[in-house]
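Everything below concerns the one structure shown next.
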Amino acid sequence: MTNKLVFPAKETILAPIEGSDSLFPIHRIFCVGRNYHAHAAEMGATVDKSVQSPFYFIKDASTYVATGASIDYPPQTDNYHYEMEFVVAIGEEGFNVSEEKAEDIIFGYACGLDMTRRDLQLKARETGRPWDLGKDFEESAILAPIVPIGKTGVLNDGKIELAVNGDTKQSSDINLLIWNVREIIADLSKFYHLQPGDLIYTGTPDGVGPVVSGDKISGSIEGIGDIQLTIR
């Protein structure tokens with residue numbers, strides 16, 4: 001007897017690679033919370049790296065949207081925020097990876113937007129509940145083409161910016177990450193067997209804020225490229 005699927009299996013989510021006909025199959029999307037001091041402060045929190053560890057939330061791969069898209073304003077929110085992020089794409093399996101070896105499993109880098117239903121996130125935070133409704137929802141993980149590390153070299157600094165309708169809202173540098181990429185990979189790989197296809201959104205700088213229907217978002221990271229999004 002041949003087993004049959006009761007409905008079609010979910011297709012693999014594929015992201016483009018800069019300058020290549022090959023595609024990057026997205027496995028999981030990990031996001032780092034409060035990884036810039038200024039952003040933590042604007043969210044009413046402080047981070048003491050000497051006594052705290054990074055924390056994470058996950059978006060489903062199906063939340064992926066390619067740069068340049070027009071997306072709908074999401075349901076059940078009145079406070080829909082942009083968050084510009086430096087994204088690390090994993091290209092090799094890694095578990096309990098040391099900081100010294102962390103860069104060996106990086107495939108490349110990309111510009112990303114972690115779109116957020118801020119009102120739902122804050123309500124969940126205030127009641128001690130998970131952030132899923134505020135973070136893990138359709139069309140919430142925007143991604144530009146992934147640039148292989150062989151083209152960029154290892155990136156430890158570079159300007160990261162975002163504008164809404166041409167007005168700059170976020171401007172910082174990825175060298176201000178509280179936990180840098182090596183530290184994030186080493187820490188995250190204590191809890192997960194990192195796999196080729198995993199993406200890590202490393203956190204957003206200060207200057208987050210709301211967008212409304214009709215707004216156009218543009219962002220860039222020095223040495224990587226840019227990202228675009230329109231809210232229908």
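Lettering and numbering for the structure tokens are positional, with chains as A, B, ... in the shown order, residues counted from 1 in each chain, and ligands counted from 1 in the shown order.
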
Taking only residues of stretch 103-170 of chain A that have an atom at most 9 Å from an atom of stretch 75-89 of chain A, what is each one's shortest atom pair and its distance in Å to one decimal, using only C-alpha atoms, in chain and number order, as CSV?
```
residue,atom,partner,partner_atom,distance
A:Ile105,CA,A:Ala89,CA,8.8
A:Ile106,CA,A:Ala89,CA,6.0
A:Phe107,CA,A:Ala89,CA,5.4
A:Gly108,CA,A:Ala89,CA,5.2
A:Tyr109,CA,A:Val88,CA,4.7
A:Ala110,CA,A:Val87,CA,5.0
A:Cys111,CA,A:Phe86,CA,5.4
A:Gly112,CA,A:Glu85,CA,5.0
A:Leu113,CA,A:Met84,CA,4.8
A:Asp114,CA,A:Glu83,CA,5.1
A:Met115,CA,A:Tyr82,CA,4.9
A:Thr116,CA,A:His81,CA,5.1
A:Arg117,CA,A:Tyr80,CA,4.8
A:Arg118,CA,A:Asn79,CA,5.5
A:Asp119,CA,A:Asn79,CA,5.6
A:Leu120,CA,A:Thr77,CA,7.0
A:Gly134,CA,A:Thr77,CA,8.8
A:Leu143,CA,A:Val87,CA,8.4
A:Ile146,CA,A:Ala89,CA,7.4
A:Pro148,CA,A:Ala89,CA,8.7
A:Ile160,CA,A:Met84,CA,7.7
A:Glu161,CA,A:Met84,CA,7.2
A:Leu162,CA,A:Met84,CA,6.3
A:Gln170,CA,A:Met84,CA,7.7
```

As a list in words, please: every residue in stretch 19-71 of chain A that a backbone DSSP assignment puts in strand (DSSP E or B).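 Filtering stretch 19-71 of chain A down to strand (DSSP E or B) leaves Leu23, Phe24, Pro25, Ile29, Phe30, Cys31, Val32, Gly33, Phe55, Tyr56, Phe57, Ile58, Lys59, Tyr64, Val65, Ala66, Ala69, Ser70 and Ile71 of chain A.
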
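Listed by chain and then by rising number, the residues of stretch 3-161 of chain A that DSSP assigns to alpha helix (DSSP H) from the backbone are His37, Ala38, His39, Ala40, Ala41, Glu42, Arg118, Asp119, Leu120, Gln121, Leu122, Lys123, Ala124, Arg125, Glu126, Thr127, Asp132, Leu133, Gly134, Lys135, Ile149, Gly150, Lys151 and Thr152 of chain A.
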
What is the distance, in Å and to one decimal place, between atom CA of A:Pro16 and atom CA of A:Thr67? 10.2 Å

Measure the distance from atom CA of A:His37 to atom CA of A:Leu176 in Å and round it to one decimal. 8.1 Å

Correct to one decimal, the distance atom CA of A:Glu93-atom CA of A:Gln52 is 26.2 Å

Nearest residue to A:Gly207 out of A:Leu133, A:Val97, A:Ala38, A:Ala69, using only C-alpha atoms?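 Among the listed residues, the smallest separation from A:Gly207 belongs to A:Ala38.
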
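Minimum distance to A:Thr230 across A:Ser171, A:Thr127, A:Thr152, A:Ser70 (counting only C-alpha atoms) occurs at A:Ser70.
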
Using only C-alpha atoms, pick whichever of A:Ala186, A:Pro210, A:Arg129, A:Ile224 has the shortest atom-to-atom distance to A:Asp157.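 Distance minimum relative to A:Asp157 lands on A:Ile224.
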
Do a neighbour search on stretch 187-202 of chain A at 8 Å with only C-alpha atoms, toss out local chain neighbours closer than 3 positions, and write the hits as a ChimeraX atom specification. /A:24-33,35,54,85-97,112,114,177,181,183-184

The selected residues should be written to file as a short mmCIF file (atom, residue, chain, number, x, y, z; two decimals), in the first residue's frame (atoms: N, CA, C and O atoms).
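Everything below was put into part_32.cif:
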```cif
data_model
loop_
_atom_site.label_atom_id
_atom_site.label_comp_id
_atom_site.auth_asym_id
_atom_site.auth_seq_id
_atom_site.Cartn_x
_atom_site.Cartn_y
_atom_site.Cartn_z
N PHE A 24 18.89 29.71 -1.72
CA PHE A 24 19.19 29.35 -0.35
C PHE A 24 17.91 28.82 0.30
O PHE A 24 16.95 29.58 0.50
N PRO A 25 17.83 27.52 0.63
CA PRO A 25 16.61 26.99 1.28
C PRO A 25 16.56 27.43 2.75
O PRO A 25 17.47 27.13 3.52
N ILE A 26 15.52 28.15 3.10
CA ILE A 26 15.41 28.63 4.49
C ILE A 26 14.89 27.51 5.39
O ILE A 26 13.84 26.92 5.13
N HIS A 27 15.64 27.24 6.44
CA HIS A 27 15.26 26.19 7.39
C HIS A 27 14.52 26.80 8.58
O HIS A 27 13.33 26.56 8.77
N ARG A 28 15.21 27.61 9.37
CA ARG A 28 14.59 28.29 10.51
C ARG A 28 15.03 29.74 10.53
O ARG A 28 16.08 30.09 9.99
N ILE A 29 14.24 30.58 11.18
CA ILE A 29 14.59 31.99 11.35
C ILE A 29 14.66 32.28 12.84
O ILE A 29 13.64 32.31 13.54
N PHE A 30 15.88 32.47 13.33
CA PHE A 30 16.10 32.86 14.72
C PHE A 30 16.27 34.37 14.78
O PHE A 30 16.89 34.97 13.91
N CYS A 31 15.73 34.99 15.82
CA CYS A 31 15.86 36.43 16.02
C CYS A 31 16.40 36.71 17.42
O CYS A 31 15.95 36.09 18.39
N VAL A 32 17.34 37.64 17.51
CA VAL A 32 17.93 38.01 18.79
C VAL A 32 17.20 39.24 19.32
O VAL A 32 17.04 40.23 18.61
N GLY A 33 16.75 39.18 20.56
CA GLY A 33 16.06 40.31 21.17
C GLY A 33 17.02 41.25 21.88
O GLY A 33 18.03 40.83 22.43
N ASN A 35 19.48 43.60 21.26
CA ASN A 35 20.91 43.40 21.05
C ASN A 35 21.65 44.68 20.73
O ASN A 35 22.79 44.64 20.29
N PRO A 54 22.14 36.31 25.78
CA PRO A 54 21.21 36.66 24.70
C PRO A 54 19.91 35.87 24.84
O PRO A 54 19.89 34.78 25.41
N GLU A 85 17.53 44.96 10.38
CA GLU A 85 18.43 44.00 11.02
C GLU A 85 19.52 43.47 10.08
O GLU A 85 19.32 43.32 8.87
N PHE A 86 20.66 43.20 10.67
CA PHE A 86 21.79 42.52 10.05
C PHE A 86 21.54 41.02 10.20
O PHE A 86 21.40 40.51 11.30
N VAL A 87 21.46 40.32 9.07
CA VAL A 87 21.09 38.91 9.06
C VAL A 87 22.31 38.05 8.71
O VAL A 87 23.04 38.36 7.76
N VAL A 88 22.48 36.96 9.44
CA VAL A 88 23.54 36.00 9.20
C VAL A 88 22.92 34.70 8.69
O VAL A 88 21.99 34.17 9.31
N ALA A 89 23.39 34.22 7.55
CA ALA A 89 22.90 32.97 6.97
C ALA A 89 23.90 31.85 7.27
O ALA A 89 25.10 31.99 7.00
N ILE A 90 23.41 30.76 7.82
CA ILE A 90 24.26 29.63 8.20
C ILE A 90 24.38 28.65 7.03
O ILE A 90 23.38 28.31 6.39
N GLY A 91 25.60 28.19 6.79
CA GLY A 91 25.84 27.30 5.66
C GLY A 91 26.38 25.94 6.02
O GLY A 91 26.51 25.07 5.15
N GLU A 92 26.71 25.72 7.31
CA GLU A 92 27.23 24.43 7.77
C GLU A 92 26.57 24.06 9.08
O GLU A 92 26.18 24.93 9.86
N GLU A 93 26.48 22.75 9.36
CA GLU A 93 25.94 22.31 10.64
C GLU A 93 26.90 22.68 11.76
O GLU A 93 28.12 22.63 11.59
N GLY A 94 26.34 23.05 12.91
CA GLY A 94 27.18 23.40 14.04
C GLY A 94 26.48 23.22 15.37
O GLY A 94 25.33 23.65 15.52
N PHE A 95 27.14 22.56 16.30
CA PHE A 95 26.60 22.39 17.65
C PHE A 95 27.73 22.62 18.64
O PHE A 95 28.84 22.12 18.46
N ASN A 96 27.46 23.41 19.69
CA ASN A 96 28.50 23.79 20.64
C ASN A 96 29.70 24.38 19.92
O ASN A 96 30.86 24.02 20.18
N VAL A 97 29.41 25.28 19.00
CA VAL A 97 30.47 25.91 18.21
C VAL A 97 31.21 26.94 19.08
O VAL A 97 30.58 27.74 19.78
N GLY A 112 17.76 42.57 6.54
CA GLY A 112 16.46 42.03 6.90
C GLY A 112 15.59 43.04 7.61
O GLY A 112 16.08 44.03 8.18
N ASP A 114 12.55 42.84 10.51
CA ASP A 114 11.73 42.08 11.46
C ASP A 114 10.49 42.93 11.73
O ASP A 114 10.49 43.79 12.61
N LEU A 177 26.44 45.99 18.18
CA LEU A 177 25.74 44.82 18.71
C LEU A 177 26.28 44.48 20.10
O LEU A 177 27.50 44.44 20.31
N VAL A 181 28.37 38.64 16.28
CA VAL A 181 27.95 37.45 15.54
C VAL A 181 28.62 36.19 16.07
O VAL A 181 27.99 35.14 16.22
N GLU A 183 29.68 35.59 19.08
CA GLU A 183 29.09 35.26 20.38
C GLU A 183 27.68 34.69 20.23
O GLU A 183 27.29 33.77 20.95
N ILE A 184 26.91 35.25 19.30
CA ILE A 184 25.55 34.75 19.08
C ILE A 184 25.57 33.31 18.59
O ILE A 184 24.84 32.45 19.10
#
```

Non-local contacts of A:Lys216 (10 Å; only C-alpha atoms; under 4 positions in same chain excluded) as a list in words: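 Skipping anything fewer than 4 positions along the chain leaves Gly68, Ser70, Ala163, Val164, Asn165, Gly166, Val211, Val212, Gln228, Leu229, Thr230, Ile231 and Arg232 of chain A.
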